[in-house]
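Asks: Sharing structure34.cif here; it has mmCIF, C-alpha atoms.
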data_run
#
loop_
_atom_site.group_PDB
_atom_site.id
_atom_site.type_symbol
_atom_site.label_atom_id
_atom_site.label_comp_id
_atom_site.auth_asym_id
_atom_site.auth_seq_id
_atom_site.Cartn_x
_atom_site.Cartn_y
_atom_site.Cartn_z
ATOM 1 C CA MET R 1 -1.004 49.704 -14.974
ATOM 2 C CA LYS R 2 -0.315 49.037 -18.635
ATOM 3 C CA ILE R 3 2.746 47.140 -19.813
ATOM 4 C CA LYS R 4 4.598 48.701 -22.731
ATOM 5 C CA TYR R 5 6.118 46.866 -25.657
ATOM 6 C CA ASN R 6 8.001 47.880 -28.766
ATOM 7 C CA LEU R 7 8.592 46.219 -32.140
ATOM 8 C CA LEU R 8 12.179 45.643 -33.263
ATOM 9 C CA ARG R 9 13.374 44.394 -36.631
ATOM 10 C CA TYR R 10 14.000 40.640 -36.790
ATOM 11 C CA HIS R 11 17.330 40.323 -38.619
ATOM 12 C CA LEU R 12 17.703 36.536 -38.757
ATOM 13 C CA THR R 13 15.607 36.275 -41.935
ATOM 14 C CA ASP R 14 15.316 38.339 -45.106
ATOM 15 C CA LYS R 15 11.653 39.006 -44.451
ATOM 16 C CA HIS R 16 10.521 42.369 -43.088
ATOM 17 C CA GLU R 17 9.335 40.960 -39.796
ATOM 18 C CA TYR R 18 9.459 42.301 -36.262
ATOM 19 C CA TRP R 19 9.596 40.825 -32.802
ATOM 20 C CA ALA R 20 8.072 42.342 -29.681
ATOM 21 C CA GLN R 21 10.234 43.509 -26.791
ATOM 22 C CA VAL R 22 8.260 43.851 -23.568
ATOM 23 C CA TYR R 23 9.462 46.472 -21.092
ATOM 24 C CA SER R 24 9.306 45.697 -17.409
ATOM 25 C CA ASN R 25 7.752 48.269 -15.094
ATOM 26 C CA GLY R 26 10.484 47.455 -12.590
ATOM 27 C CA THR R 27 12.020 44.599 -10.631
ATOM 28 C CA MET R 28 10.382 43.577 -7.363
ATOM 29 C CA ASP R 29 12.465 41.439 -5.040
ATOM 30 C CA LYS R 30 11.227 39.633 -1.944
ATOM 31 C CA ASP R 31 11.567 42.647 0.370
ATOM 32 C CA MET R 32 9.765 44.934 -2.066
ATOM 33 C CA PHE R 33 7.033 42.334 -2.521
ATOM 34 C CA ILE R 34 6.490 42.174 1.231
ATOM 35 C CA ASP R 35 6.380 45.982 1.318
ATOM 36 C CA SER R 36 3.651 45.967 -1.333
ATOM 37 C CA ILE R 37 1.587 43.576 0.817
ATOM 38 C CA LEU R 38 2.038 45.763 3.897
ATOM 39 C CA GLN R 39 0.854 48.791 1.921
ATOM 40 C CA ARG R 40 -2.490 47.034 1.483
ATOM 41 C CA ARG R 41 -3.040 47.447 5.245
ATOM 42 C CA THR R 42 -2.895 43.759 5.982
ATOM 43 C CA SER R 43 -3.195 42.649 9.606
ATOM 44 C CA PHE R 44 0.076 40.727 9.286
ATOM 45 C CA SER R 45 3.294 42.297 10.538
ATOM 46 C CA ARG R 46 6.482 42.385 8.492
ATOM 47 C CA PRO R 47 8.215 39.698 10.635
ATOM 48 C CA GLU R 48 5.136 37.468 10.237
ATOM 49 C CA LEU R 49 5.182 37.874 6.450
ATOM 50 C CA ILE R 50 8.921 37.188 6.280
ATOM 51 C CA ALA R 51 8.442 34.048 8.370
ATOM 52 C CA PHE R 52 5.560 32.929 6.146
ATOM 53 C CA PHE R 53 7.504 33.393 2.899
ATOM 54 C CA ASN R 54 10.567 31.653 4.340
ATOM 55 C CA LEU R 55 8.405 28.719 5.401
ATOM 56 C CA PHE R 56 6.643 28.635 2.016
ATOM 57 C CA GLU R 57 9.958 28.635 0.131
ATOM 58 C CA GLU R 58 11.432 25.932 2.366
ATOM 59 C CA SER R 59 8.298 23.804 1.965
ATOM 60 C CA VAL R 60 8.331 24.123 -1.832
ATOM 61 C CA ILE R 61 12.010 23.140 -2.006
ATOM 62 C CA LYS R 62 11.479 20.171 0.335
ATOM 63 C CA ALA R 63 8.497 18.917 -1.673
ATOM 64 C CA VAL R 64 10.482 19.124 -4.928
ATOM 65 C CA THR R 65 13.623 17.501 -3.499
ATOM 66 C CA ASP R 66 11.441 14.742 -1.997
ATOM 67 C CA GLY R 67 10.234 13.990 -5.521
ATOM 68 C CA TYR R 68 6.730 15.405 -5.364
ATOM 69 C CA THR R 69 5.001 17.162 -8.245
ATOM 70 C CA LEU R 70 3.513 20.427 -7.022
ATOM 71 C CA ALA R 71 0.164 21.577 -8.412
ATOM 72 C CA LEU R 72 -0.435 24.978 -6.834
ATOM 73 C CA PRO R 73 -2.798 27.734 -8.007
ATOM 74 C CA LEU R 74 0.200 29.901 -9.010
ATOM 75 C CA PHE R 75 2.428 27.265 -10.590
ATOM 76 C CA SER R 76 3.083 23.563 -10.976
ATOM 77 C CA THR R 77 6.364 21.685 -11.178
ATOM 78 C CA SER R 78 7.744 18.612 -12.878
ATOM 79 C CA LEU R 79 11.139 16.951 -13.181
ATOM 80 C CA SER R 80 12.779 15.741 -16.380
ATOM 81 C CA ILE R 81 16.170 14.375 -17.405
ATOM 82 C CA SER R 82 18.023 15.614 -20.482
ATOM 83 C CA GLY R 83 20.676 13.602 -22.309
ATOM 84 C CA LEU R 84 20.673 10.150 -23.880
ATOM 85 C CA PHE R 85 21.289 6.809 -22.161
ATOM 86 C CA ARG R 86 23.567 4.267 -23.882
ATOM 87 C CA ALA R 87 21.633 1.155 -22.916
ATOM 88 C CA HIS R 88 18.584 0.056 -20.929
ATOM 89 C CA ASP R 89 20.736 -0.632 -17.857
ATOM 90 C CA ASP R 90 22.671 2.659 -18.158
ATOM 91 C CA LEU R 91 22.566 4.904 -15.082
ATOM 92 C CA PHE R 92 22.284 8.652 -14.581
ATOM 93 C CA ASP R 93 25.668 10.332 -15.075
ATOM 94 C CA HIS R 94 26.136 14.032 -14.268
ATOM 95 C CA ARG R 95 28.693 14.294 -17.088
ATOM 96 C CA ARG R 96 26.100 13.246 -19.705
ATOM 97 C CA HIS R 97 22.753 13.985 -18.135
ATOM 98 C CA GLU R 98 21.036 16.854 -16.387
ATOM 99 C CA LEU R 99 18.105 16.774 -13.995
ATOM 100 C CA LYS R 100 15.831 19.702 -14.828
ATOM 101 C CA LEU R 101 13.131 21.343 -12.752
ATOM 102 C CA ASN R 102 10.298 22.558 -14.985
ATOM 103 C CA LEU R 103 7.911 25.292 -13.888
ATOM 104 C CA HIS R 104 4.491 25.697 -15.467
ATOM 105 C CA LYS R 105 1.872 28.412 -15.097
ATOM 106 C CA GLY R 106 -0.962 27.593 -12.765
ATOM 107 C CA PRO R 107 -4.552 28.798 -13.224
ATOM 108 C CA LEU R 108 -3.919 32.050 -11.323
ATOM 109 C CA PHE R 109 -1.026 33.009 -13.613
ATOM 110 C CA ARG R 110 -2.984 31.984 -16.706
ATOM 111 C CA ASN R 111 -5.878 34.191 -15.638
ATOM 112 C CA ALA R 112 -3.468 37.035 -14.815
ATOM 113 C CA THR R 113 -1.957 37.092 -18.317
ATOM 114 C CA GLU R 114 -5.436 37.388 -19.791
ATOM 115 C CA SER R 115 -6.103 40.534 -17.745
ATOM 116 C CA ILE R 116 -2.817 42.332 -18.534
ATOM 117 C CA ARG R 117 -3.269 45.508 -20.572
ATOM 118 C CA LEU R 118 -0.632 46.220 -23.209
ATOM 119 C CA GLU R 119 0.384 49.546 -24.701
ATOM 120 C CA LYS R 120 2.591 49.842 -27.765
ATOM 121 C CA SER R 121 5.471 52.260 -27.450
ATOM 122 C CA HIS R 122 6.224 54.183 -30.638
ATOM 123 C CA ARG R 123 9.688 55.219 -29.563
ATOM 124 C CA ASP R 124 12.739 53.180 -30.502
ATOM 125 C CA LEU R 125 13.880 52.770 -26.922
ATOM 126 C CA PRO R 126 17.428 51.413 -26.817
ATOM 127 C CA TYR R 127 16.882 49.011 -23.950
ATOM 128 C CA PRO R 128 19.477 46.231 -23.898
ATOM 129 C CA TYR R 129 17.903 42.853 -24.589
ATOM 130 C CA ILE R 130 19.537 39.449 -24.063
ATOM 131 C CA LYS R 131 18.454 36.709 -26.469
ATOM 132 C CA GLN R 132 21.019 33.989 -25.850
ATOM 133 C CA ILE R 133 23.957 33.112 -23.615
ATOM 134 C CA LYS R 134 26.816 30.760 -24.452
ATOM 135 C CA ALA R 135 29.633 29.977 -22.053
ATOM 136 C CA THR R 136 32.787 27.891 -21.702
ATOM 137 C CA ASP R 137 34.883 27.336 -18.574
ATOM 138 C CA ASN R 138 36.114 30.925 -18.411
ATOM 139 C CA THR R 139 34.385 32.842 -21.201
ATOM 140 C CA ILE R 140 30.826 34.034 -21.715
ATOM 141 C CA GLN R 141 29.175 35.213 -24.923
ATOM 142 C CA VAL R 142 25.980 37.243 -24.669
ATOM 143 C CA TYR R 143 23.838 37.739 -27.796
ATOM 144 C CA GLY R 144 20.984 40.196 -28.252
ATOM 145 C CA CYS R 145 20.477 43.824 -29.214
ATOM 146 C CA ASN R 146 21.537 47.186 -27.770
ATOM 147 C CA LEU R 147 24.082 45.372 -25.601
ATOM 148 C CA LYS R 148 27.093 47.654 -26.130
ATOM 149 C CA ILE R 149 28.309 48.839 -22.746
ATOM 150 C CA ILE R 150 29.089 52.556 -22.645
ATOM 151 C CA GLY R 151 28.801 55.115 -19.865
ATOM 152 C CA ASP R 152 30.588 56.389 -16.803
ATOM 153 C CA ASN R 153 27.827 55.372 -14.411
ATOM 154 C CA PRO R 154 29.220 52.699 -12.030
ATOM 155 C CA ALA R 155 26.156 50.556 -12.727
ATOM 156 C CA CYS R 156 27.134 50.102 -16.393
ATOM 157 C CA GLY R 157 28.562 46.680 -17.148
ATOM 158 C CA LEU R 158 27.934 42.978 -17.609
ATOM 159 C CA TRP R 159 26.775 41.479 -14.326
ATOM 160 C CA PHE R 160 26.509 38.043 -12.711
ATOM 161 C CA VAL R 161 23.855 38.094 -9.951
ATOM 162 C CA CYS R 162 23.685 35.007 -7.735
ATOM 163 C CA GLU R 163 20.599 33.725 -5.926
ATOM 164 C CA SER R 164 21.564 35.659 -2.775
ATOM 165 C CA ARG R 165 21.411 38.800 -4.974
ATOM 166 C CA GLN R 166 25.167 39.446 -4.678
ATOM 167 C CA ALA R 167 26.248 41.024 -7.977
ATOM 168 C CA THR R 168 29.648 40.737 -9.677
ATOM 169 C CA LYS R 169 30.629 42.962 -12.603
ATOM 170 C CA LEU R 170 32.830 41.222 -15.173
ATOM 171 C CA PRO R 171 36.008 43.330 -15.483
ATOM 172 C CA ASN R 172 37.347 42.087 -18.834
ATOM 173 C CA ILE R 173 35.100 42.484 -21.891
ATOM 174 C CA PHE R 174 36.945 41.489 -25.071
ATOM 175 C CA GLU R 175 34.160 42.228 -27.554
ATOM 176 C CA ASN R 176 31.735 45.047 -26.884
ATOM 177 C CA LYS R 177 29.200 45.299 -29.696
ATOM 178 C CA PRO R 178 25.463 46.043 -29.810
ATOM 179 C CA LYS R 179 24.637 42.452 -30.771
ATOM 180 C CA ARG R 180 27.343 40.539 -28.904
ATOM 181 C CA LEU R 181 29.439 40.767 -25.773
ATOM 182 C CA ILE R 182 32.356 38.446 -25.042
ATOM 183 C CA ALA R 183 33.931 38.547 -21.597
ATOM 184 C CA SER R 184 36.122 36.449 -19.361
ATOM 185 C CA ILE R 185 34.563 34.900 -16.273
ATOM 186 C CA PRO R 186 36.682 35.557 -13.163
ATOM 187 C CA SER R 187 37.576 32.675 -10.869
ATOM 188 C CA THR R 188 35.508 34.284 -8.116
ATOM 189 C CA ILE R 189 32.365 33.172 -9.982
ATOM 190 C CA THR R 190 31.686 29.795 -8.410
ATOM 191 C CA PRO R 191 29.438 27.093 -9.913
ATOM 192 C CA GLY R 192 25.749 27.868 -9.541
ATOM 193 C CA LYS R 193 22.687 29.584 -10.913
ATOM 194 C CA TYR R 194 23.069 33.225 -11.927
ATOM 195 C CA ASN R 195 21.032 35.970 -13.522
ATOM 196 C CA ILE R 196 22.987 37.698 -16.281
ATOM 197 C CA LYS R 197 22.140 41.333 -16.948
ATOM 198 C CA VAL R 198 23.528 44.203 -19.024
ATOM 199 C CA VAL R 199 23.462 47.829 -17.882
ATOM 200 C CA THR R 200 24.491 50.544 -20.336
ATOM 201 C CA GLN R 201 24.074 54.181 -21.368
ATOM 202 C CA TRP R 202 24.536 53.371 -25.054
ATOM 203 C CA THR R 203 22.038 54.504 -27.700
ATOM 204 C CA THR R 204 21.641 53.753 -31.386
ATOM 205 C CA SER R 205 22.084 57.467 -32.159
ATOM 206 C CA GLY R 206 25.542 57.610 -30.629
ATOM 207 C CA ALA R 207 24.455 59.886 -27.783
ATOM 208 C CA THR R 208 24.955 58.747 -24.212
ATOM 209 C CA LEU R 209 21.895 58.300 -22.041
ATOM 210 C CA LYS R 210 21.730 60.381 -18.888
ATOM 211 C CA ASN R 211 20.542 57.383 -16.891
ATOM 212 C CA PRO R 212 21.619 53.802 -17.648
ATOM 213 C CA ARG R 213 19.122 51.214 -18.843
ATOM 214 C CA GLU R 214 19.096 47.632 -17.686
ATOM 215 C CA SER R 215 18.182 44.464 -19.546
ATOM 216 C CA GLN R 216 15.794 41.950 -18.142
ATOM 217 C CA PRO R 217 18.033 39.250 -16.648
ATOM 218 C CA MET R 218 18.510 35.855 -18.248
ATOM 219 C CA THR R 219 19.228 32.798 -16.120
ATOM 220 C CA HIS R 220 22.557 31.047 -16.653
ATOM 221 C CA HIS R 221 23.858 27.921 -14.932
ATOM 222 C CA HIS R 222 27.621 28.314 -14.522
ATOM 223 C CA ARG R 223 29.335 24.932 -14.451
ATOM 224 C CA PRO R 224 33.097 25.276 -14.966
ATOM 225 C CA GLN R 225 34.869 21.973 -15.517
#
As C-alpha coordinates, how would this structure be written, given the file I've shared?
Replies:
Amino acid sequence: MKIKYNLLRYHLTDKHEYWAQVYSNGTMDKDMFIDSILQRRTSFSRPELIAFFNLFEESVIKAVTDGYTLALPLFSTSLSISGLFRAHDDLFDHRRHELKLNLHKGPLFRNATESIRLEKSHRDLPYPYIKQIKATDNTIQVYGCNLKIIGDNPACGLWFVCESRQATKLPNIFENKPKRLIASIPSTITPGKYNIKVVTQWTTSGATLKNPRESQPMTHHHRPQ
(Lines of atoms letter the chains of each structure in order from A and count residues from 1; the text may use other names and numbers.)
(Lines give C-alpha, C1' and ligand atoms only; values in the text may rest on other atoms or scores of the structure.)
Protein backbone atom coordinates (compact mmCIF):
# COMPACT_ATOMS: atom_id res chain seq x y z
CA MET A 1 0.00 0.00 0.00
CA LYS A 2 1.37 3.39 -0.98
CA ILE A 3 1.53 6.30 1.44
CA LYS A 4 0.30 9.62 0.08
CA TYR A 5 1.85 13.00 0.70
CA ASN A 6 1.09 16.53 -0.39
CA LEU A 7 3.17 19.71 -0.65
CA LEU A 8 2.01 22.78 1.27
CA ARG A 9 3.45 26.28 1.10
CA TYR A 10 6.02 27.07 3.80
CA HIS A 11 5.05 30.53 5.04
CA LEU A 12 7.78 31.15 7.62
CA THR A 13 10.21 32.47 4.99
CA ASP A 14 9.86 34.68 1.92
CA LYS A 15 11.15 31.92 -0.33
CA HIS A 16 8.74 29.91 -2.47
CA GLU A 17 9.36 26.67 -0.63
CA TYR A 18 7.08 23.82 0.33
CA TRP A 19 6.96 21.24 3.07
CA ALA A 20 5.59 17.72 2.75
CA GLN A 21 2.53 16.61 4.70
CA VAL A 22 2.27 12.83 4.92
CA TYR A 23 -1.23 11.36 5.17
CA SER A 24 -1.79 8.38 7.40
CA ASN A 25 -3.68 5.41 5.99
CA GLY A 26 -5.41 5.09 9.35
CA THR A 27 -4.74 4.65 13.06
CA MET A 28 -4.16 1.14 14.37
CA ASP A 29 -4.46 0.68 18.11
CA LYS A 30 -3.44 -2.40 20.08
CA ASP A 31 -6.71 -4.28 19.49
CA MET A 32 -6.64 -3.57 15.76
CA PHE A 33 -3.00 -4.64 15.60
CA ILE A 34 -3.84 -7.95 17.25
CA ASP A 35 -6.72 -8.37 14.78
CA SER A 36 -4.31 -7.87 11.88
CA ILE A 37 -2.08 -10.64 13.27
CA LEU A 38 -5.03 -13.00 13.66
CA GLN A 39 -6.03 -12.35 10.04
CA ARG A 40 -2.70 -13.86 9.00
CA ARG A 41 -3.98 -17.23 10.27
CA THR A 42 -1.49 -17.45 13.09
CA SER A 43 -1.70 -20.45 15.42
CA PHE A 44 -1.93 -18.10 18.41
CA SER A 45 -5.32 -17.31 19.91
CA ARG A 46 -6.45 -13.78 20.71
CA PRO A 47 -6.08 -14.27 24.51
CA GLU A 48 -2.54 -15.61 23.94
CA LEU A 49 -1.60 -12.58 21.83
CA ILE A 50 -3.08 -10.17 24.37
CA ALA A 51 -1.12 -11.89 27.14
CA PHE A 52 2.07 -11.74 25.07
CA PHE A 53 1.74 -8.02 24.30
CA ASN A 54 0.90 -7.22 27.92
CA LEU A 55 3.97 -9.14 29.07
CA PHE A 56 6.14 -7.47 26.41
CA GLU A 57 4.96 -3.99 27.42
CA GLU A 58 5.46 -4.70 31.12
CA SER A 59 8.94 -6.08 30.45
CA VAL A 60 9.96 -3.05 28.39
CA ILE A 61 8.74 -0.65 31.09
CA LYS A 62 10.51 -2.61 33.84
CA ALA A 63 13.79 -2.69 31.90
CA VAL A 64 13.64 1.08 31.32
CA THR A 65 12.66 1.93 34.91
CA ASP A 66 15.47 -0.36 36.14
CA GLY A 67 17.89 1.80 34.17
CA TYR A 68 18.69 -0.52 31.29
CA THR A 69 19.27 0.63 27.72
CA LEU A 70 17.19 -1.48 25.36
CA ALA A 71 18.62 -2.45 21.97
CA LEU A 72 15.82 -4.32 20.22
CA PRO A 73 15.41 -4.99 16.49
CA LEU A 74 12.45 -2.57 16.36
CA PHE A 75 13.76 0.22 18.57
CA SER A 76 16.36 1.19 21.14
CA THR A 77 16.06 3.45 24.17
CA SER A 78 18.22 5.86 26.10
CA LEU A 79 17.72 8.25 29.01
CA SER A 80 18.82 11.87 29.16
CA ILE A 81 18.34 14.81 31.52
CA SER A 82 17.41 18.28 30.28
CA GLY A 83 18.11 21.47 32.22
CA LEU A 84 21.27 22.99 33.66
CA PHE A 85 22.90 22.23 37.01
CA ARG A 86 24.17 25.15 39.12
CA ALA A 87 27.29 23.46 40.46
CA HIS A 88 29.13 20.14 40.37
CA ASP A 89 27.44 19.02 43.59
CA ASP A 90 23.96 20.16 42.47
CA LEU A 91 21.27 17.47 42.49
CA PHE A 92 18.39 16.62 40.17
CA ASP A 93 15.41 18.90 40.83
CA HIS A 94 12.06 18.25 39.13
CA ARG A 95 11.40 22.01 39.06
CA ARG A 96 14.51 22.64 36.92
CA HIS A 97 15.26 19.34 35.26
CA GLU A 98 13.43 16.70 33.28
CA LEU A 99 14.29 13.05 32.80
CA LYS A 100 13.59 12.15 29.18
CA LEU A 101 13.12 8.76 27.57
CA ASN A 102 14.51 8.77 24.03
CA LEU A 103 13.37 6.26 21.42
CA HIS A 104 15.47 5.46 18.37
CA LYS A 105 14.72 3.41 15.28
CA GLY A 106 16.12 -0.08 15.30
CA PRO A 107 17.33 -1.94 12.20
CA LEU A 108 13.85 -3.33 11.42
CA PHE A 109 12.30 0.15 11.37
CA ARG A 110 15.21 1.54 9.35
CA ASN A 111 14.75 -1.20 6.77
CA ALA A 112 10.98 -0.64 6.76
CA THR A 113 11.28 3.06 5.87
CA GLU A 114 13.47 2.14 2.92
CA SER A 115 10.74 -0.13 1.52
CA ILE A 116 7.83 2.32 1.90
CA ARG A 117 6.34 3.45 -1.41
CA LEU A 118 5.23 7.07 -1.63
CA GLU A 119 2.64 8.62 -3.90
CA LYS A 120 2.23 12.37 -4.32
CA SER A 121 -1.31 13.64 -4.03
CA HIS A 122 -2.11 16.50 -6.40
CA ARG A 123 -5.18 17.62 -4.50
CA ASP A 124 -4.98 20.34 -1.87
CA LEU A 125 -6.50 18.18 0.83
CA PRO A 126 -7.46 20.31 3.84
CA TYR A 127 -6.29 17.87 6.48
CA PRO A 128 -5.61 19.58 9.81
CA TYR A 129 -1.93 19.45 10.71
CA ILE A 130 -0.41 20.26 14.11
CA LYS A 131 3.09 21.75 14.04
CA GLN A 132 3.54 22.98 17.59
CA ILE A 133 1.84 23.01 20.99
CA LYS A 134 2.35 25.55 23.75
CA ALA A 135 0.58 25.37 27.09
CA THR A 136 0.32 27.12 30.45
CA ASP A 137 -1.46 25.90 33.59
CA ASN A 138 -4.94 26.23 32.09
CA THR A 139 -4.51 27.30 28.46
CA ILE A 140 -3.28 25.50 25.36
CA GLN A 141 -2.19 27.00 22.05
CA VAL A 142 -2.07 24.74 19.00
CA TYR A 143 -0.21 25.93 15.88
CA GLY A 144 -0.37 24.42 12.40
CA CYS A 145 -2.53 24.61 9.30
CA ASN A 146 -6.17 23.84 8.48
CA LEU A 147 -6.92 23.75 12.21
CA LYS A 148 -10.14 25.79 12.25
CA ILE A 149 -12.86 23.72 13.88
CA ILE A 150 -16.16 23.82 12.00
CA GLY A 151 -18.89 21.23 11.57
CA ASP A 152 -21.88 19.75 13.32
CA ASN A 153 -20.39 16.27 13.53
CA PRO A 154 -19.92 15.39 17.25
CA ALA A 155 -16.36 14.29 16.48
CA CYS A 156 -15.32 17.84 15.53
CA GLY A 157 -13.24 19.55 18.18
CA LEU A 158 -9.91 19.82 19.96
CA TRP A 159 -9.23 16.62 21.87
CA PHE A 160 -7.01 15.42 24.72
CA VAL A 161 -6.52 11.63 24.50
CA CYS A 162 -4.81 9.99 27.48
CA GLU A 163 -2.75 6.80 27.39
CA SER A 164 -5.82 4.71 28.27
CA ARG A 165 -7.39 6.14 25.08
CA GLN A 166 -10.05 8.09 27.01
CA ALA A 167 -10.74 11.26 25.00
CA THR A 168 -11.82 14.66 26.33
CA LYS A 169 -13.07 17.42 24.03
CA LEU A 170 -12.08 20.92 25.16
CA PRO A 171 -15.34 22.90 25.52
CA ASN A 172 -14.00 26.47 25.44
CA ILE A 173 -12.03 27.55 22.36
CA PHE A 174 -11.21 31.27 22.50
CA GLU A 175 -9.41 31.54 19.16
CA ASN A 176 -10.45 29.35 16.27
CA LYS A 177 -8.30 30.08 13.23
CA PRO A 178 -6.77 27.89 10.50
CA LYS A 179 -3.25 28.44 11.85
CA ARG A 180 -3.91 28.70 15.58
CA LEU A 181 -6.29 27.42 18.22
CA ILE A 182 -6.37 28.74 21.78
CA ALA A 183 -8.48 26.91 24.34
CA SER A 184 -8.84 26.58 28.08
CA ILE A 185 -7.84 23.30 29.69
CA PRO A 186 -10.56 22.02 32.05
CA SER A 187 -9.62 20.93 35.56
CA THR A 188 -10.64 17.38 34.68
CA ILE A 189 -7.43 17.09 32.63
CA THR A 190 -5.01 15.68 35.17
CA PRO A 191 -1.20 15.75 34.84
CA GLY A 192 0.11 13.20 32.37
CA LYS A 193 0.95 12.35 28.80
CA TYR A 194 -1.70 13.11 26.18
CA ASN A 195 -2.13 12.97 22.44
CA ILE A 196 -3.60 16.21 21.11
CA LYS A 197 -5.68 15.97 17.95
CA VAL A 198 -7.94 18.24 15.89
CA VAL A 199 -11.06 17.02 14.10
CA THR A 200 -12.87 19.39 11.74
CA GLN A 201 -15.07 19.69 8.65
CA TRP A 202 -13.46 22.98 7.62
CA THR A 203 -12.06 23.53 4.12
CA THR A 204 -10.02 26.30 2.54
CA SER A 205 -12.84 26.90 0.03
CA GLY A 206 -15.37 27.72 2.73
CA ALA A 207 -17.47 24.63 2.04
CA THR A 208 -18.08 22.15 4.83
CA LEU A 209 -16.79 18.63 4.40
CA LYS A 210 -19.35 15.85 4.53
CA ASN A 211 -17.08 13.77 6.75
CA PRO A 212 -14.68 15.29 9.30
CA ARG A 213 -10.93 14.95 8.91
CA GLU A 214 -8.57 14.28 11.76
CA SER A 215 -5.02 15.46 12.34
CA GLN A 216 -2.26 13.11 13.25
CA PRO A 217 -1.93 13.45 17.03
CA MET A 218 0.94 15.26 18.69
CA THR A 219 2.16 14.22 22.13
CA HIS A 220 1.84 16.76 24.94
CA HIS A 221 2.93 16.39 28.56
CA HIS A 222 0.42 18.27 30.71
CA ARG A 223 2.04 19.48 33.92
CA PRO A 224 -0.12 22.11 35.65
CA GLN A 225 1.61 23.85 38.53
Asks: With the file shown as input, list the residues that the PyMOL selection byres ((chain R and resi 20-27) around 7) selects, as a ChimeraX atom specification.
Replies: /R:3-8,18-19,28-29
Asks: Between atom CA of Asn102 of chain R and atom CA of Ser76 of chain R, what is the distance in Å, rounded to a tenth?
Replies: 8.3 Å
Asks: Figure out the distance between atom CA of Asp152 of chain R and atom CA of Pro128 of chain R, please, to one decimal in Å.
Replies: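 According to the coordinates, atom CA of Pro128 of chain R and atom CA of Asp152 of chain R are separated by 16.6 Å.
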Asks: Considering all atoms listed in the file, state which residue in the set R:Ile133, R:Met32, R:Leu91, R:Leu70 is at the smallest distance from Lys105 of chain R.
Replies: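 Among R:Ile133, R:Met32, R:Leu91, R:Leu70, it is R:Leu70 that comes nearest to Lys105 of chain R.
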Asks: How far is it from atom CA of Glu58 of chain R to atom CA of Leu79 of chain R, in Å with one decimal?
Replies: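 Distance between the two atoms: 18.0 Å.
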Asks: Which residue out of R:Arg40, R:Leu74, R:Ile81, R:Asp89 has the minimum interatomic distance to Ala112 of chain R when all atoms listed in the file are used?
Replies: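 The shortest atom-to-atom distance to Ala112 of chain R comes from R:Leu74.
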Asks: Given the PyMOL selection byres ((chain R and resi 194) around 6) and the file above, list the residues it selects as a list in words.
Replies: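 Output from the PyMOL selection byres ((chain R and resi 194) around 6), applied to this file: Phe160, Val161, Cys162, Lys193, Asn195, Thr219 and His220 of chain R.
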Asks: Quick one: residues within 12 Å of (30.9, 30.4, -8.4) (file frame), counting all atoms listed in the file, please, as a list in words.
Replies: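 I get Asp137, Asn138, Phe160, Val161, Cys162, Glu163, Gln166, Ala167, Thr168, Ile185, Pro186, Ser187, Thr188, Ile189, Thr190, Pro191, Gly192, Lys193, Tyr194, His220, His221, His222, Arg223, Pro224 and Gln225 of chain R for the residues within 12 Å of that point.
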Asks: Those residues you just picked out, can you put them in a file as a short mmCIF file (atom, residue, chain, number, x, y, z; two decimals), in the frame of the given file with C-alpha atoms?
Replies:
data_model
loop_
_atom_site.label_atom_id
_atom_site.label_comp_id
_atom_site.auth_asym_id
_atom_site.auth_seq_id
_atom_site.Cartn_x
_atom_site.Cartn_y
_atom_site.Cartn_z
CA ASP R 137 34.88 27.34 -18.57
CA ASN R 138 36.11 30.92 -18.41
CA PHE R 160 26.51 38.04 -12.71
CA VAL R 161 23.86 38.09 -9.95
CA CYS R 162 23.68 35.01 -7.74
CA GLU R 163 20.60 33.72 -5.93
CA GLN R 166 25.17 39.45 -4.68
CA ALA R 167 26.25 41.02 -7.98
CA THR R 168 29.65 40.74 -9.68
CA ILE R 185 34.56 34.90 -16.27
CA PRO R 186 36.68 35.56 -13.16
CA SER R 187 37.58 32.67 -10.87
CA THR R 188 35.51 34.28 -8.12
CA ILE R 189 32.36 33.17 -9.98
CA THR R 190 31.69 29.80 -8.41
CA PRO R 191 29.44 27.09 -9.91
CA GLY R 192 25.75 27.87 -9.54
CA LYS R 193 22.69 29.58 -10.91
CA TYR R 194 23.07 33.22 -11.93
CA HIS R 220 22.56 31.05 -16.65
CA HIS R 221 23.86 27.92 -14.93
CA HIS R 222 27.62 28.31 -14.52
CA ARG R 223 29.34 24.93 -14.45
CA PRO R 224 33.10 25.28 -14.97
CA GLN R 225 34.87 21.97 -15.52
#
Asks: With all atoms listed in the file as the basis for distance, which of R:Thr113, R:Ser184, R:Gln216, R:Ser36 is at the shortest distance from Gln141 of chain R?
Replies: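 Nearest candidate to Gln141 of chain R out of R:Thr113, R:Ser184, R:Gln216, R:Ser36: R:Ser184.
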Asks: From the set R:Val199, R:Ala135, R:Leu118, R:Leu72, which residue has the shortest atom-to-atom contact distance to Pro154 of chain R, counting all atoms listed in the file?
Replies: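 Once distances to Pro154 of chain R are computed over all atoms listed in the file, the minimum belongs to R:Val199.
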Asks: Please write as a list in words the list of polymer residues whose atoms come within 8 Å of (33.4, 42.8, -13.0), counting only C-alpha atoms and keeping to the coordinates of the file.
Replies: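 Protein and nucleic acid residues near the point are Gly157, Leu158, Trp159, Thr168, Lys169, Leu170, Pro171, Asn172 and Pro186 of chain R.
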Asks: What box, with edges along x, y and z, holds each listed atom of segment 25-33 of chain R when 8 Å is added on every side, and can you state its centre and edge lengths in Å to one decimal, as AutoDock Vina command-line options?
Replies:
--center_x 9.7 --center_y 44.0 --center_z -7.4 --size_x 21.4 --size_y 24.6 --size_z 31.5
Asks: Which residues are near Val64 of chain R? Cut-off 12 Å, all atoms listed in the file, ignore same chain within fewer than 2 positions. Put them as a list of chain:residue names.
Replies: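 These residues fall inside the cut-off: R:Glu57, R:Glu58, R:Ser59, R:Val60, R:Ile61, R:Lys62, R:Asp66, R:Gly67, R:Tyr68, R:Thr69, R:Leu70, R:Ala71, R:Ser76, R:Thr77, R:Ser78, R:Leu79, R:Lys100, R:Leu101, R:Asn102, R:Leu103.
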